[in-house]
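A.B. asks: I am sharing data31.cif, which consists of mmCIF, C-alpha atoms:
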data_structure
loop_
_atom_site.group_PDB
_atom_site.id
_atom_site.type_symbol
_atom_site.label_atom_id
_atom_site.label_comp_id
_atom_site.auth_asym_id
_atom_site.auth_seq_id
_atom_site.Cartn_x
_atom_site.Cartn_y
_atom_site.Cartn_z
ATOM 1 C CA MET Y 371 -24.531 -31.770 -16.325
ATOM 2 C CA GLN Y 372 -26.261 -34.359 -14.146
ATOM 3 C CA ARG Y 373 -26.920 -36.508 -17.211
ATOM 4 C CA ARG Y 374 -23.265 -36.208 -18.279
ATOM 5 C CA LYS Y 375 -22.046 -37.243 -14.842
ATOM 6 C CA PHE Y 376 -24.422 -40.186 -14.874
ATOM 7 C CA ILE Y 377 -23.135 -41.363 -18.261
ATOM 8 C CA GLN Y 378 -19.500 -40.932 -17.176
ATOM 9 C CA SER Y 379 -20.027 -42.850 -13.954
ATOM 10 C CA GLY Y 380 -21.851 -45.596 -15.848
ATOM 11 C CA THR Y 381 -18.997 -45.856 -18.358
ATOM 12 C CA MET Y 382 -16.406 -46.083 -15.580
ATOM 13 C CA ALA Y 383 -18.428 -48.747 -13.803
ATOM 14 C CA ALA Y 384 -18.708 -50.796 -17.001
ATOM 15 C CA ALA Y 385 -14.976 -50.487 -17.616
ATOM 16 C CA GLY Y 386 -14.267 -51.572 -14.067
ATOM 17 C CA LEU Y 387 -16.528 -54.584 -14.495
ATOM 18 C CA LEU Y 388 -14.746 -55.602 -17.697
ATOM 19 C CA LEU Y 389 -11.349 -55.330 -15.991
ATOM 20 C CA ALA Y 390 -12.593 -57.379 -13.049
ATOM 21 C CA ARG Y 391 -13.975 -60.044 -15.376
ATOM 22 C CA SER Y 392 -10.688 -60.114 -17.290
ATOM 23 C CA ALA Y 393 -8.709 -60.546 -14.073
ATOM 24 C CA ALA Y 394 -11.085 -63.234 -12.878
ATOM 25 C CA ALA Y 395 -10.752 -65.065 -16.188
ATOM 26 C CA GLY Y 396 -6.992 -65.015 -15.789
ATOM 27 C CA ILE Y 397 -7.269 -66.471 -12.307
ATOM 28 C CA LEU Y 398 -9.658 -69.195 -13.478
ATOM 29 C CA THR Y 399 -7.535 -70.195 -16.481
ATOM 30 C CA GLY Y 400 -4.240 -69.876 -14.644
ATOM 31 C CA LYS Y 401 -2.904 -67.579 -17.355
ATOM 32 C CA LYS Y 402 -1.243 -64.244 -16.641
ATOM 33 C CA ALA Y 403 -1.487 -60.907 -18.385
ATOM 34 C CA PHE Y 404 1.543 -60.315 -20.613
ATOM 35 C CA PRO Y 405 2.428 -57.507 -23.021
ATOM 36 C CA SER Y 406 1.104 -57.709 -26.569
ATOM 37 C CA PRO Y 407 3.135 -60.040 -28.820
ATOM 38 C CA GLY Y 408 6.032 -58.444 -30.656
ATOM 39 C CA LEU Y 409 8.308 -59.433 -33.536
ATOM 40 C CA GLN Y 410 11.980 -58.804 -34.284
ATOM 41 C CA LEU Y 411 11.961 -57.898 -37.984
ATOM 42 C CA TYR Y 412 15.327 -59.605 -38.560
ATOM 43 C CA THR Y 413 13.270 -62.804 -38.755
ATOM 44 C CA LEU Y 414 11.844 -61.707 -42.112
ATOM 45 C CA GLY Y 415 15.136 -61.497 -44.010
ATOM 46 C CA ASP Y 416 14.908 -58.972 -46.856
ATOM 47 C CA MET Y 417 11.136 -58.575 -46.835
ATOM 48 C CA MET Y 418 11.270 -55.138 -45.187
ATOM 49 C CA THR Y 419 13.704 -53.763 -47.759
ATOM 50 C CA LYS Y 420 11.671 -55.128 -50.672
ATOM 51 C CA ASP Y 421 8.170 -54.110 -49.525
ATOM 52 C CA ALA Y 422 8.034 -52.499 -46.104
ATOM 53 C CA LYS Y 423 4.401 -51.376 -46.226
ATOM 54 C CA GLY Y 424 3.090 -54.696 -47.515
ATOM 55 C CA THR Y 425 5.152 -56.639 -45.003
ATOM 56 C CA LEU Y 426 3.896 -54.544 -42.086
ATOM 57 C CA LEU Y 427 0.289 -55.056 -43.146
ATOM 58 C CA GLN Y 428 0.859 -58.830 -43.247
ATOM 59 C CA LEU Y 429 2.278 -58.799 -39.724
ATOM 60 C CA ALA Y 430 -0.633 -56.755 -38.404
ATOM 61 C CA ALA Y 431 -3.095 -59.170 -40.013
ATOM 62 C CA ILE Y 432 -1.360 -62.110 -38.320
ATOM 63 C CA GLY Y 433 -1.807 -60.399 -34.948
ATOM 64 C CA TYR Y 434 1.510 -58.805 -34.037
ATOM 65 C CA LYS Y 435 1.245 -55.541 -32.113
ATOM 66 C CA GLU Y 436 4.809 -54.516 -31.256
ATOM 67 C CA LEU Y 437 7.902 -54.400 -33.466
ATOM 68 C CA GLU Y 438 11.656 -54.259 -33.097
ATOM 69 C CA SER Y 439 13.646 -53.196 -36.165
ATOM 70 C CA ALA Y 440 17.011 -54.557 -37.281
ATOM 71 C CA GLY Y 441 19.848 -53.505 -39.551
ATOM 72 C CA SER Y 442 19.343 -54.099 -43.257
ATOM 73 C CA GLN Y 443 21.008 -53.739 -46.630
ATOM 74 C CA LYS Y 444 19.502 -50.253 -46.702
ATOM 75 C CA GLY Y 445 20.810 -49.252 -43.273
ATOM 76 C CA ASN Y 446 19.401 -49.231 -39.762
ATOM 77 C CA PHE Y 447 15.873 -48.162 -40.740
ATOM 78 C CA TYR Y 448 15.321 -49.960 -44.066
ATOM 79 C CA GLY Y 449 16.145 -46.866 -46.095
ATOM 80 C CA TYR Y 450 13.639 -44.634 -44.285
ATOM 81 C CA LYS Y 451 14.036 -41.780 -41.862
ATOM 82 C CA PRO Y 452 12.999 -42.762 -38.323
ATOM 83 C CA LYS Y 453 9.833 -40.626 -38.458
ATOM 84 C CA GLU Y 454 8.854 -42.191 -41.793
ATOM 85 C CA LEU Y 455 9.267 -45.741 -40.501
ATOM 86 C CA ALA Y 456 7.383 -44.912 -37.298
ATOM 87 C CA ALA Y 457 4.472 -43.473 -39.299
ATOM 88 C CA MET Y 458 4.339 -46.534 -41.571
ATOM 89 C CA ILE Y 459 4.263 -48.893 -38.574
ATOM 90 C CA LYS Y 460 1.553 -46.818 -36.887
ATOM 91 C CA ASP Y 461 -0.547 -46.755 -40.055
ATOM 92 C CA ALA Y 462 -0.388 -50.565 -40.089
ATOM 93 C CA GLY Y 463 -1.842 -50.616 -36.561
ATOM 94 C CA MET Y 464 1.321 -51.549 -34.672
ATOM 95 C CA THR Y 465 3.872 -49.828 -32.418
ATOM 96 C CA TRP Y 466 7.609 -49.528 -32.990
ATOM 97 C CA ARG Y 467 9.149 -50.207 -29.574
ATOM 98 C CA SER Y 468 12.832 -50.872 -30.162
ATOM 99 C CA ALA Y 469 15.640 -50.683 -32.733
ATOM 100 C CA HIS Y 470 18.719 -52.871 -33.112
ATOM 101 C CA VAL Y 471 21.960 -51.187 -34.158
ATOM 102 C CA GLY Y 472 25.550 -52.404 -34.295
ATOM 103 C CA GLY Y 473 27.934 -51.888 -31.405
ATOM 104 C CA ALA Y 474 31.189 -51.841 -33.359
ATOM 105 C CA ALA Y 475 32.497 -53.208 -36.627
ATOM 106 C CA PHE Y 476 33.119 -56.973 -36.780
ATOM 107 C CA THR Y 477 35.807 -58.757 -38.742
ATOM 108 C CA MET Y 478 35.287 -62.215 -40.203
ATOM 109 C CA GLU Y 479 37.621 -63.567 -37.506
ATOM 110 C CA SER Y 480 35.774 -61.958 -34.579
ATOM 111 C CA LEU Y 481 32.430 -63.100 -35.979
ATOM 112 C CA MET Y 482 33.545 -66.710 -36.378
ATOM 113 C CA LYS Y 483 34.715 -66.795 -32.756
ATOM 114 C CA MET Y 484 31.027 -66.685 -31.795
ATOM 115 C CA ALA Y 485 30.425 -70.092 -33.432
ATOM 116 C CA LYS Y 486 30.244 -73.202 -31.235
ATOM 117 C CA THR Y 487 29.313 -75.847 -33.798
ATOM 118 C CA ALA Y 488 29.710 -76.524 -37.506
ATOM 119 C CA ALA Y 489 26.121 -75.344 -37.956
ATOM 120 C CA ASP Y 490 26.984 -72.124 -36.121
ATOM 121 C CA SER Y 491 29.975 -71.601 -38.397
ATOM 122 C CA ALA Y 492 27.814 -72.012 -41.481
ATOM 123 C CA ARG Y 493 25.320 -69.521 -40.081
ATOM 124 C CA MET Y 494 28.100 -67.037 -39.288
ATOM 125 C CA GLU Y 495 29.458 -67.344 -42.814
ATOM 126 C CA LYS Y 496 26.029 -66.431 -44.173
ATOM 127 C CA ILE Y 497 25.853 -63.467 -41.800
ATOM 128 C CA TRP Y 498 29.302 -62.317 -42.916
ATOM 129 C CA ASP Y 499 28.351 -62.602 -46.589
ATOM 130 C CA ARG Y 500 25.312 -60.466 -45.831
ATOM 131 C CA MET Y 501 27.267 -57.932 -43.761
ATOM 132 C CA LYS Y 502 30.117 -57.407 -46.218
ATOM 133 C CA ASN Y 503 27.639 -56.518 -48.968
ATOM 134 C CA MET Y 504 25.826 -53.972 -46.832
ATOM 135 C CA PRO Y 505 26.588 -50.261 -46.998
ATOM 136 C CA LYS Y 506 28.429 -48.988 -43.920
ATOM 137 C CA SER Y 507 25.898 -48.234 -41.186
ATOM 138 C CA LEU Y 508 26.243 -46.075 -38.102
ATOM 139 C CA ASN Y 509 27.427 -47.950 -35.006
ATOM 140 C CA LEU Y 510 27.433 -47.146 -31.306
ATOM 141 C CA LYS Y 511 31.214 -46.985 -30.956
ATOM 142 C CA GLU Y 512 31.456 -44.138 -33.449
ATOM 143 C CA ASN Y 513 27.949 -42.646 -33.540
ATOM 144 C CA HIS Y 514 26.262 -43.214 -30.163
ATOM 145 C CA GLN Y 515 24.631 -39.791 -29.860
ATOM 146 C CA GLU Y 516 23.481 -39.736 -33.482
ATOM 147 C CA LEU Y 517 21.829 -43.134 -33.076
ATOM 148 C CA ALA Y 518 20.236 -42.153 -29.760
ATOM 149 C CA ASP Y 519 18.802 -39.043 -31.382
ATOM 150 C CA ALA Y 520 17.506 -41.104 -34.300
ATOM 151 C CA ALA Y 521 15.712 -43.424 -31.876
ATOM 152 C CA ALA Y 522 14.152 -40.418 -30.179
ATOM 153 C CA GLU Y 523 13.103 -39.044 -33.581
ATOM 154 C CA GLY Y 524 11.290 -42.315 -34.285
ATOM 155 C CA GLY Y 525 9.512 -42.153 -30.938
ATOM 156 C CA ILE Y 526 10.797 -45.527 -29.780
ATOM 157 C CA GLY Y 527 11.613 -46.352 -26.195
ATOM 158 C CA TYR Y 528 14.664 -48.586 -26.592
ATOM 159 C CA LEU Y 529 17.894 -48.522 -28.578
ATOM 160 C CA VAL Y 530 19.569 -51.933 -28.482
ATOM 161 C CA CYS Y 531 23.102 -52.991 -29.335
ATOM 162 C CA SER Y 532 22.538 -56.083 -31.487
ATOM 163 C CA SER Y 533 26.101 -57.383 -31.052
ATOM 164 C CA ILE Y 534 29.655 -56.341 -30.349
ATOM 165 C CA PRO Y 535 32.973 -58.284 -30.308
ATOM 166 C CA VAL Y 536 33.712 -59.798 -26.863
ATOM 167 C CA SER Y 537 36.324 -62.448 -27.721
ATOM 168 C CA THR Y 538 39.195 -60.823 -25.791
ATOM 169 C CA LEU Y 539 39.394 -58.901 -22.537
ATOM 170 C CA ASP Y 540 40.303 -55.754 -24.470
ATOM 171 C CA GLU Y 541 37.162 -56.161 -26.588
ATOM 172 C CA ILE Y 542 35.062 -56.633 -23.459
ATOM 173 C CA LYS Y 543 36.493 -53.454 -21.924
ATOM 174 C CA THR Y 544 35.801 -51.619 -25.169
ATOM 175 C CA ALA Y 545 32.209 -52.898 -25.053
ATOM 176 C CA VAL Y 546 31.813 -51.556 -21.509
ATOM 177 C CA ASP Y 547 33.106 -48.149 -22.603
ATOM 178 C CA VAL Y 548 30.776 -48.115 -25.631
ATOM 179 C CA PHE Y 549 27.765 -49.112 -23.534
ATOM 180 C CA ASN Y 550 28.380 -46.516 -20.828
ATOM 181 C CA LYS Y 551 28.645 -43.782 -23.454
ATOM 182 C CA ALA Y 552 25.602 -45.096 -25.334
ATOM 183 C CA GLY Y 553 23.627 -45.232 -22.092
ATOM 184 C CA GLU Y 554 24.421 -41.594 -21.343
ATOM 185 C CA ALA Y 555 23.590 -40.567 -24.924
ATOM 186 C CA CYS Y 556 20.265 -42.400 -24.773
ATOM 187 C CA LYS Y 557 19.389 -40.827 -21.427
ATOM 188 C CA LYS Y 558 20.070 -37.413 -22.925
ATOM 189 C CA ALA Y 559 17.730 -38.257 -25.808
ATOM 190 C CA GLY Y 560 15.006 -39.703 -23.576
ATOM 191 C CA VAL Y 561 15.589 -43.295 -24.700
ATOM 192 C CA GLN Y 562 16.646 -46.438 -22.783
ATOM 193 C CA PHE Y 563 19.768 -48.292 -23.947
ATOM 194 C CA ALA Y 564 20.026 -52.096 -23.802
ATOM 195 C CA TYR Y 565 22.369 -54.859 -24.953
ATOM 196 C CA HIS Y 566 21.329 -58.074 -26.705
ATOM 197 C CA ASN Y 567 23.331 -61.218 -25.923
ATOM 198 C CA HIS Y 568 24.448 -64.215 -27.945
ATOM 199 C CA THR Y 569 26.118 -67.350 -26.540
ATOM 200 C CA SER Y 570 29.629 -65.886 -26.506
ATOM 201 C CA GLU Y 571 28.825 -63.620 -23.546
ATOM 202 C CA PHE Y 572 28.815 -66.744 -21.378
ATOM 203 C CA ASP Y 573 32.237 -68.045 -22.454
ATOM 204 C CA ASP Y 574 35.334 -67.752 -20.310
ATOM 205 C CA VAL Y 575 37.531 -65.000 -21.753
ATOM 206 C CA GLU Y 576 40.882 -64.527 -20.031
ATOM 207 C CA GLY Y 577 39.357 -65.401 -16.664
ATOM 208 C CA HIS Y 578 36.197 -63.346 -17.119
ATOM 209 C CA ARG Y 579 32.708 -64.092 -18.361
ATOM 210 C CA PRO Y 580 31.709 -61.190 -20.654
ATOM 211 C CA PHE Y 581 28.084 -61.205 -19.450
ATOM 212 C CA ASP Y 582 29.102 -60.735 -15.799
ATOM 213 C CA TYR Y 583 31.864 -58.253 -16.573
ATOM 214 C CA ILE Y 584 29.578 -56.040 -18.652
ATOM 215 C CA LEU Y 585 26.756 -55.976 -16.115
ATOM 216 C CA ALA Y 586 29.154 -55.351 -13.224
ATOM 217 C CA ASN Y 587 30.897 -52.447 -14.952
ATOM 218 C CA THR Y 588 27.920 -50.575 -16.398
ATOM 219 C CA ASP Y 589 25.253 -48.481 -14.689
ATOM 220 C CA LYS Y 590 22.168 -50.673 -14.138
ATOM 221 C CA ASN Y 591 19.909 -47.710 -14.862
ATOM 222 C CA LEU Y 592 21.662 -46.692 -18.074
ATOM 223 C CA VAL Y 593 22.475 -50.143 -19.500
ATOM 224 C CA LYS Y 594 19.686 -52.701 -19.515
ATOM 225 C CA MET Y 595 19.672 -56.141 -21.153
ATOM 226 C CA GLU Y 596 17.617 -57.698 -23.894
ATOM 227 C CA LEU Y 597 17.908 -61.362 -23.012
ATOM 228 C CA ASP Y 598 17.843 -63.734 -25.950
ATOM 229 C CA LEU Y 599 16.186 -66.737 -24.325
ATOM 230 C CA ALA Y 600 17.449 -69.190 -26.933
ATOM 231 C CA TRP Y 601 21.083 -68.117 -26.933
ATOM 232 C CA ALA Y 602 21.139 -68.088 -23.133
ATOM 233 C CA THR Y 603 19.639 -71.582 -23.106
ATOM 234 C CA LYS Y 604 22.147 -72.801 -25.710
ATOM 235 C CA ALA Y 605 24.935 -71.479 -23.474
ATOM 236 C CA LYS Y 606 23.497 -73.716 -20.715
ATOM 237 C CA GLN Y 607 22.149 -70.767 -18.733
ATOM 238 C CA ASP Y 608 18.807 -70.711 -16.934
ATOM 239 C CA PRO Y 609 17.212 -67.351 -17.844
ATOM 240 C CA VAL Y 610 15.315 -67.333 -14.541
ATOM 241 C CA ALA Y 611 18.583 -67.666 -12.607
ATOM 242 C CA LEU Y 612 19.881 -64.636 -14.545
ATOM 243 C CA PHE Y 613 16.724 -62.701 -13.612
ATOM 244 C CA LYS Y 614 17.356 -63.466 -9.948
ATOM 245 C CA MET Y 615 20.994 -62.360 -10.218
ATOM 246 C CA HIS Y 616 19.992 -59.048 -11.819
ATOM 247 C CA PRO Y 617 16.312 -58.379 -11.000
ATOM 248 C CA GLY Y 618 14.629 -55.746 -13.104
ATOM 249 C CA ARG Y 619 17.471 -55.433 -15.607
ATOM 250 C CA PHE Y 620 15.800 -57.323 -18.482
ATOM 251 C CA PRO Y 621 13.003 -55.117 -19.876
ATOM 252 C CA LEU Y 622 13.273 -56.771 -23.298
ATOM 253 C CA TRP Y 623 13.346 -60.424 -24.352
ATOM 254 C CA HIS Y 624 13.941 -62.267 -27.604
ATOM 255 C CA VAL Y 625 11.513 -65.165 -27.596
ATOM 256 C CA LYS Y 626 13.294 -67.717 -29.750
ATOM 257 C CA ASP Y 627 13.372 -71.510 -29.697
ATOM 258 C CA LEU Y 628 16.040 -74.079 -30.617
ATOM 259 C CA ASP Y 629 15.531 -77.246 -32.631
ATOM 260 C CA LYS Y 630 15.993 -80.315 -30.446
ATOM 261 C CA ALA Y 631 18.319 -82.033 -32.907
ATOM 262 C CA THR Y 632 20.367 -79.190 -34.386
ATOM 263 C CA MET Y 633 20.039 -76.491 -31.684
ATOM 264 C CA ASN Y 634 19.464 -73.993 -34.497
ATOM 265 C CA PRO Y 635 16.691 -71.357 -34.245
ATOM 266 C CA ALA Y 636 13.203 -72.821 -34.658
ATOM 267 C CA GLU Y 637 9.538 -71.832 -34.330
ATOM 268 C CA VAL Y 638 8.579 -70.896 -30.792
ATOM 269 C CA GLY Y 639 7.160 -73.899 -28.957
ATOM 270 C CA SER Y 640 8.726 -76.495 -31.251
ATOM 271 C CA GLY Y 641 12.081 -76.870 -29.509
ATOM 272 C CA VAL Y 642 13.899 -77.069 -26.189
ATOM 273 C CA VAL Y 643 13.376 -73.673 -24.525
ATOM 274 C CA ASP Y 644 11.170 -73.861 -21.403
ATOM 275 C CA PHE Y 645 8.978 -70.825 -22.074
ATOM 276 C CA LYS Y 646 6.455 -71.526 -19.314
ATOM 277 C CA HIS Y 647 9.176 -71.540 -16.666
ATOM 278 C CA ILE Y 648 10.612 -68.298 -18.054
ATOM 279 C CA PHE Y 649 7.330 -66.423 -18.497
ATOM 280 C CA ASP Y 650 6.242 -67.442 -14.986
ATOM 281 C CA ASN Y 651 9.167 -65.308 -13.755
ATOM 282 C CA ALA Y 652 8.638 -62.344 -16.081
ATOM 283 C CA LYS Y 653 7.909 -59.941 -13.236
ATOM 284 C CA GLU Y 654 11.288 -60.501 -11.580
ATOM 285 C CA SER Y 655 13.058 -59.855 -14.877
ATOM 286 C CA GLY Y 656 11.362 -56.476 -15.329
ATOM 287 C CA MET Y 657 10.135 -57.492 -18.803
ATOM 288 C CA LYS Y 658 8.187 -54.764 -20.633
ATOM 289 C CA TYR Y 659 8.180 -56.136 -24.179
ATOM 290 C CA TYR Y 660 9.139 -59.369 -25.893
ATOM 291 C CA PHE Y 661 9.869 -60.057 -29.543
ATOM 292 C CA VAL Y 662 9.544 -63.348 -31.384
ATOM 293 C CA GLU Y 663 12.639 -64.085 -33.451
ATOM 294 C CA GLN Y 664 13.791 -66.924 -35.691
ATOM 295 C CA ASP Y 665 17.134 -66.402 -37.387
ATOM 296 C CA GLY Y 666 17.141 -67.705 -40.948
ATOM 297 C CA ALA Y 667 13.442 -68.601 -40.895
ATOM 298 C CA PRO Y 668 12.813 -70.744 -44.012
ATOM 299 C CA GLN Y 669 9.189 -69.604 -44.430
ATOM 300 C CA PRO Y 670 9.116 -66.343 -42.480
ATOM 301 C CA ILE Y 671 5.412 -65.480 -42.590
ATOM 302 C CA GLN Y 672 4.279 -69.034 -41.839
ATOM 303 C CA ASN Y 673 6.966 -69.439 -39.165
ATOM 304 C CA VAL Y 674 6.048 -66.252 -37.291
ATOM 305 C CA THR Y 675 2.364 -67.159 -37.570
ATOM 306 C CA ASN Y 676 2.980 -70.556 -35.972
ATOM 307 C CA SER Y 677 5.103 -68.977 -33.227
ATOM 308 C CA LEU Y 678 2.414 -66.439 -32.423
ATOM 309 C CA ASN Y 679 -0.292 -69.108 -32.349
ATOM 310 C CA TYR Y 680 1.760 -71.076 -29.831
ATOM 311 C CA LEU Y 681 2.204 -68.053 -27.584
ATOM 312 C CA LYS Y 682 -1.489 -67.145 -27.747
ATOM 313 C CA LYS Y 683 -2.446 -70.684 -26.819
ATOM 314 C CA THR Y 684 0.117 -70.884 -24.034
ATOM 315 C CA LEU Y 685 0.113 -67.392 -22.507
ATOM 316 C CA TYR Y 686 -3.166 -65.654 -23.202
#
As C-alpha cells, how would this structure be written, given the file I've shared?
C.D. replies:
Amino acid sequence: MQRRKFIQSGTMAAAGLLLARSAAAGILTGKKAFPSPGLQLYTLGDMMTKDAKGTLLQLAAIGYKELESAGSQKGNFYGYKPKELAAMIKDAGMTWRSAHVGGAAFTMESLMKMAKTAADSARMEKIWDRMKNMPKSLNLKENHQELADAAAEGGIGYLVCSSIPVSTLDEIKTAVDVFNKAGEACKKAGVQFAYHNHTSEFDDVEGHRPFDYILANTDKNLVKMELDLAWATKAKQDPVALFKMHPGRFPLWHVKDLDKATMNPAEVGSGVVDFKHIFDNAKESGMKYYFVEQDGAPQPIQNVTNSLNYLKKTLY
C-alpha cells in the first residue's frame, strides 16, 4: 500500500509539473489555451454521403478533433442513425460535438432574400438546387422534440438551427417561437440548443434587427448562439462587440474567412476576418467549441488542411 501511494503521488506530481510547464510555455509564447480544432462537415460537400468512414479517417489524420455535422442528401445524419454516426466518429479518434438541422422549410424566394451581392445570389441558387433535390428532412418547427432526442441518442452536446427564414417580422416571430420550443425540448433531452446566424440577421426588417429581436425574446439559458464569424463580419459587425452585448451566450463559433476581393468564403487566415482580435476575447463570448467552415470549398481536404495549419500556427 505504501508503494502504491508513493507511485500515485509521484504520478500526480509529474502531471502537475507538465501542466505547469504547459502554462508557462503559453505565457512565454503569448499564446492561450483554446479548445481542440473542430470542423463543420458542410465544408466537405458530398464526401460524407459517399464515404463517411474514409472521410472521417482523413480528417483525423489531418489533425481535427471535434466535428459538427450538417444536413445532407441522405438526411440530417448522412443516412445513419445517431448512435451509428457517433460510433464511427469515435472510432476515427474524434468527438461529435454538435449537429446542424433546419429550422423551417425555405422557399426559393425566402432563400434569395438572404443574398446581398450577385455572388451571393449565385451561391444561393446552388444551395436551392441542392435543397430541392434532397429528401424531406425533419426540421425544428415540426419535429423539435424528435430532433432533440436524436441529438441525445448520438451523445452530442449541442443541437443547432442552421438557418430559418427571417425576412419579415412574422417570420422573425415564428423563429422566436420555434427556438423557445426547441430550447425546452433540448433541455428535456439533456442537450443545449443554439442558433447559427447568416448576414440577414443583421438587416433591418420592419424596424427590427432579427439578431436583436431573437436574443431579446428567447431565454438566454435555453437559446444560445453559434456565431458565424465571417457572416457577422460581412454584415459589418464586430464579433467582439456582440460578445460584450451578450456575454457568455456564444458557446459555439464558425471559424470562416472571407476573400478580400469577392467576400466569399475562403481558407481561414487568407482573408479579411480578424481572428486574433476575436480569439483574444473568447472567454467573454463563452466559447466552448469552434468549427472551421468554408462554404463551397473547391478542394475541401486541402482547404481544411491549410485552415487548420493557420490556426495551429496562430493559436497554439
A.B. asks: Just so the selection is clear, what residues does the PyMOL selection byres ((chain Y and resi 615-621) around 8) cover here, as a PDB file with C-alpha atoms, in the coordinates of the input?
C.D. replies:
ATOM      1  CA  LYS Y 590      22.168 -50.673 -14.138  1.00  0.00           C
ATOM      2  CA  LYS Y 594      19.686 -52.701 -19.515  1.00  0.00           C
ATOM      3  CA  MET Y 595      19.672 -56.141 -21.153  1.00  0.00           C
ATOM      4  CA  GLU Y 596      17.617 -57.698 -23.894  1.00  0.00           C
ATOM      5  CA  LEU Y 597      17.908 -61.362 -23.012  1.00  0.00           C
ATOM      6  CA  ALA Y 611      18.583 -67.666 -12.607  1.00  0.00           C
ATOM      7  CA  LEU Y 612      19.881 -64.636 -14.545  1.00  0.00           C
ATOM      8  CA  PHE Y 613      16.724 -62.701 -13.612  1.00  0.00           C
ATOM      9  CA  LYS Y 614      17.356 -63.466  -9.948  1.00  0.00           C
ATOM     10  CA  LEU Y 622      13.273 -56.771 -23.298  1.00  0.00           C
ATOM     11  CA  TRP Y 623      13.346 -60.424 -24.352  1.00  0.00           C
ATOM     12  CA  LYS Y 653       7.909 -59.941 -13.236  1.00  0.00           C
ATOM     13  CA  GLU Y 654      11.288 -60.501 -11.580  1.00  0.00           C
ATOM     14  CA  SER Y 655      13.058 -59.855 -14.877  1.00  0.00           C
ATOM     15  CA  GLY Y 656      11.362 -56.476 -15.329  1.00  0.00           C
ATOM     16  CA  MET Y 657      10.135 -57.492 -18.803  1.00  0.00           C
ATOM     17  CA  LYS Y 658       8.187 -54.764 -20.633  1.00  0.00           C
ATOM     18  CA  TYR Y 659       8.180 -56.136 -24.179  1.00  0.00           C
TER      19      TYR Y 659
END
A.B. asks: What residues have an atom no more than 9 Å from (18.8, -70.4, -33.0) in the file's own frame, counting all atoms listed in the file, and can you write them as a list of chain:residue names?
C.D. replies: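 Residues lying no farther than 9 Å from the given point: Y:Asp490, Y:Ala600, Y:Trp601, Y:Lys604, Y:Lys626, Y:Asp627, Y:Leu628, Y:Asp629, Y:Met633, Y:Asn634, Y:Pro635, Y:Ala636, Y:Glu663, Y:Gln664, Y:Asp665, Y:Gly666.
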A.B. asks: Point out the residue among Y:Lys444, Y:Ala489, Y:Lys423, Y:Asp461 with the least atom-to-atom distance to Ala631 of chain Y, counting only C-alpha atoms.
C.D. replies: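 Comparing Y:Lys444, Y:Ala489, Y:Lys423, Y:Asp461 against Ala631 of chain Y, the winner is Y:Ala489.
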A.B. asks: Using only C-alpha atoms, which residues sit within 12 Å of segment 560-564 of chain Y once same-chain residues fewer than 6 positions away are excluded, as an MDAnalysis selection string?
C.D. replies: chainID Y and resid 467:473 510 514:515 517:533 548:554 584:585 588:597 619:623
A.B. asks: Have a look at Y:His566, Y:Lys435, Y:Lys646, Y:Lys420 and name the one nearest to Ile459 of chain Y; count all atoms listed in the file.
C.D. replies: Y:Lys435
A.B. asks: Which residues, named as in the file, does the PyMOL selection byres ((chain Y and resi 458) around 12) pick out? Answer as a PyMOL selection string.
C.D. replies: chain Y and resi 418+421-427+430+437+447-448+450-457+459-466+524
A.B. asks: With C-alpha atoms retained, could you export that selection as a compact mmCIF listing (two decimals), keeping the file's coordinate frame?
C.D. replies:
# COMPACT_ATOMS: atom_id res chain seq x y z
CA MET Y 418 11.27 -55.14 -45.19
CA ASP Y 421 8.17 -54.11 -49.52
CA ALA Y 422 8.03 -52.50 -46.10
CA LYS Y 423 4.40 -51.38 -46.23
CA GLY Y 424 3.09 -54.70 -47.52
CA THR Y 425 5.15 -56.64 -45.00
CA LEU Y 426 3.90 -54.54 -42.09
CA LEU Y 427 0.29 -55.06 -43.15
CA ALA Y 430 -0.63 -56.76 -38.40
CA LEU Y 437 7.90 -54.40 -33.47
CA PHE Y 447 15.87 -48.16 -40.74
CA TYR Y 448 15.32 -49.96 -44.07
CA TYR Y 450 13.64 -44.63 -44.28
CA LYS Y 451 14.04 -41.78 -41.86
CA PRO Y 452 13.00 -42.76 -38.32
CA LYS Y 453 9.83 -40.63 -38.46
CA GLU Y 454 8.85 -42.19 -41.79
CA LEU Y 455 9.27 -45.74 -40.50
CA ALA Y 456 7.38 -44.91 -37.30
CA ALA Y 457 4.47 -43.47 -39.30
CA ILE Y 459 4.26 -48.89 -38.57
CA LYS Y 460 1.55 -46.82 -36.89
CA ASP Y 461 -0.55 -46.76 -40.06
CA ALA Y 462 -0.39 -50.56 -40.09
CA GLY Y 463 -1.84 -50.62 -36.56
CA MET Y 464 1.32 -51.55 -34.67
CA THR Y 465 3.87 -49.83 -32.42
CA TRP Y 466 7.61 -49.53 -32.99
CA GLY Y 524 11.29 -42.32 -34.28
A.B. asks: Can you measure atom CA of Thr538 of chain Y to atom CA of Asn446 of chain Y for me? One decimal in Å is fine.
C.D. replies: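 Pair atom CA of Thr538 of chain Y / atom CA of Asn446 of chain Y returns 26.9 Å.
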A.B. asks: If I take atom CA of Val546 of chain Y and atom CA of Val575 of chain Y, how far is one from the other in Å, to one decimal?
C.D. replies: 14.6 Å
A.B. asks: At what distance in Å, to one decimal, does atom CA of His624 of chain Y lie from atom CA of Pro535 of chain Y?
C.D. replies: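 The value is 19.6 Å.
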A.B. asks: Could you list the residues chosen by the PyMOL selection byres ((chain Y and resi 433) around 12) in this structure as a VMD selection string?
C.D. replies: chain Y and resid 406 to 409 426 to 432 434 to 437 462 to 464 671 674 to 679 681 to 682
A.B. asks: Measuring atom to atom with all atoms listed in the file, identify which of Y:Leu411, Y:Val625, Y:Val643, Y:Val536 is nearest to Met482 of chain Y.
C.D. replies: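 The shortest atom-to-atom distance to Met482 of chain Y comes from Y:Val536.
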A.B. asks: Kindly indicate which residue among Y:Phe661, Y:Tyr686, Y:Tyr565, Y:Phe581 lies nearest to Phe404 of chain Y, using all atoms listed in the file for the distances.
C.D. replies: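 For Phe404 of chain Y, the nearest of the given residues is Y:Tyr686.
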